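A short write-up of the structure that comes next.
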Amino acid sequence: MRKPYLSILLTLLITISLIAPVLASSIAPSVSADVAQQMLVDGNKRFTSEKYADSQIGQARRTELVKGQHPFAVIVSCSDSRVPPELLFDQGLGDLFVVRVAGNVLDSIELGSIEYAVEHLGAKLIVVLGHEKCGAVKATVDGGEVPPNIKAIAAKIQPAVTAAKAANSANVYEAATDANVLNMVAALHADPVITHVGGVKILGAKYHLESGAVEFIKYNIPNPVINHH
C-alpha cells in the first residue's frame with residue numbers, strides 16, 4: 001500500500017526540482033525606482049572618475065544568472081557605439097535591461113520589450129537615454145532621401161525636430177535630441193501595460209560624449225511615479 005504514495009512523493013519531488021529555477025526567476029528584486037536611479041547616478045560617477053566597481057561579469061555571476069534575471073532598471077538608448085549603457089553606468093551582467101535602437105525611438109517592438117521587463121522582470125525604473133551629436137537626429141534635421149527603414153526612424157524623430165525648429169533653438173540638433181527623448185518618455189507614460197504596474201518611474205536623460213556624464217533632463221510634461229489604475 002505504501003508504494004503508490006512513495007511513487008507520488010517521488011514524482012512531486014522531481015517536479016519541484018524541475019520548476020524551481022522557473023519559480024526563482026519570476027521573483028523580482030525589491031529595488032525601488034528611487035534606489036535604482038541612485039544606483040545609476042553612482043555608477044556614472046564611477047565611470048567618469050574611472051574608479052570602476054569590481055566587475056560582475058565573471059563565471060560566478062554567469063552561473064548565478066542561469067537561474068534568472070532581475071535587472072533593476074530599463075535603459076532605452078541609441079545604438080551609437082559610443083553610448084553603451086552598461087559601461088556608462090558601470091554595471092555588470094544582469095543589472096540592466098537594455099533596449100537599443102537608432103535615435104532611441106519607440107515602436108511596438110521596443111514597447112513590448114519594455115513591458116516585459118517591467119511586468120515580468122520587476123524593473124521599476126525606465127530611462128530614455130539620448131546623447132550629444134546623435135546621427136539619427138542630425139539626419140532627420142538635415143532631411144533628404146533615405147531608404148524606407150531609415151525613413152521609419154526619422155518619422156519617429158520628426159515631431160521633435162519640428163518642435164525644435166518652431167522654438168528657434170540656437171542649436172536645433174541638440175534641442176531636437178532633447179525633445180525626442182521627452183517625446184519617448186511621454187509615449188511610455190501612455191503605455192497601458194506599463195501604467196498598470198505599480199511604482200514605476202520614467203525618466204529622460206542625456207549622455208555627454210566628452211565628459212562621460214549622464215544628465216537627467218528636466219522638462220515640463222508630467223512625470224509622476226505611476227501607480228495602479
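Chains: A, B, ... in order of the C-alpha cells. Residues: from 1 per chain. Ligands: from 1, in order shown.
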**OP:** Write out as a PyMOL selection string which residues come within 12 Å of Leu96 in chain A when counting only C-alpha atoms, dropping same-chain ones fewer than 2 positions away.
**Re:** chain A and resi 36-37+39-40+43+69-77+84-94+98-100+114+117-118+121-127
Subject >> Close residues, range 203-205 of chain A itself excluded, 9 Å, only C-alpha atoms, min 5 positions apart in chain, as a ChimeraX atom specification >> reply: /A:125-131,178,181-182,184-185,214-219,223
**OP:** Could you tell me which of A:Val101, A:Val41, A:Val200, A:Val193 comes closest to Gly135 in chain A if we count only C-alpha atoms?
**Re:**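 That would be A:Val101, the residue with the smallest distance to Gly135 in chain A.
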**OP:** In Å, rounded to a single decimal, give me how far CA of Gly103 in chain A is from CA of Cys78 in chain A.
**Re:** 5.1 Å
**OP:** Please indicate the distance in Å from CA of Glu110 in chain A to CA of Ile153 in chain A, rounded to one decimal place.
**Re:**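 Here the two named atoms are 12.4 Å from each other.
Among the residues of range 44-174 of chain A, backbone DSSP assigns strand (DSSP E) to A:Ala73, A:Val74, A:Ile75, A:Val76, A:Ser77, A:Leu96, A:Phe97, A:Val98, A:Val99, A:Arg100, A:Leu125, A:Ile126, A:Val127, A:Val128, A:Leu129, A:Gly130, A:His131.
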Original post:
How far is it from CA of Leu111 in chain A to CA of Phe97 in chain A, in Å with one decimal?
Top reply: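 For CA of Leu111 in chain A relative to CA of Phe97 in chain A, the distance reads 12.7 Å.
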**OP:** Please run DSSP on the backbone and report, as a PyMOL selection string, all residues within range 14-154 of chain A that come out as alpha helix (DSSP H).
**Re:** chain A and resi 14-25+33-49+59-65+85-88+108-119+135-142+148-154
Original post:
Between A:Val83, A:Leu188, A:Leu65, A:Ile57, which one has atoms that come closest to Glu132 in chain A, using only C-alpha atoms?
Top reply: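 So, comparing all the options, the nearest one is A:Val83.
Proximity to Gly199 in chain A was assessed for A:Glu119, A:Ala53, A:Gln158, A:Ser113 counting only C-alpha atoms; the smallest distance is recorded for A:Glu119.
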**OP:** Considering only C-alpha atoms, state which residue in the set A:Glu115, A:Arg46, A:Cys134, A:Ala164 is at the smallest distance from His189 in chain A.
**Re:**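 Smallest separation from His189 in chain A among the options: A:Glu115.
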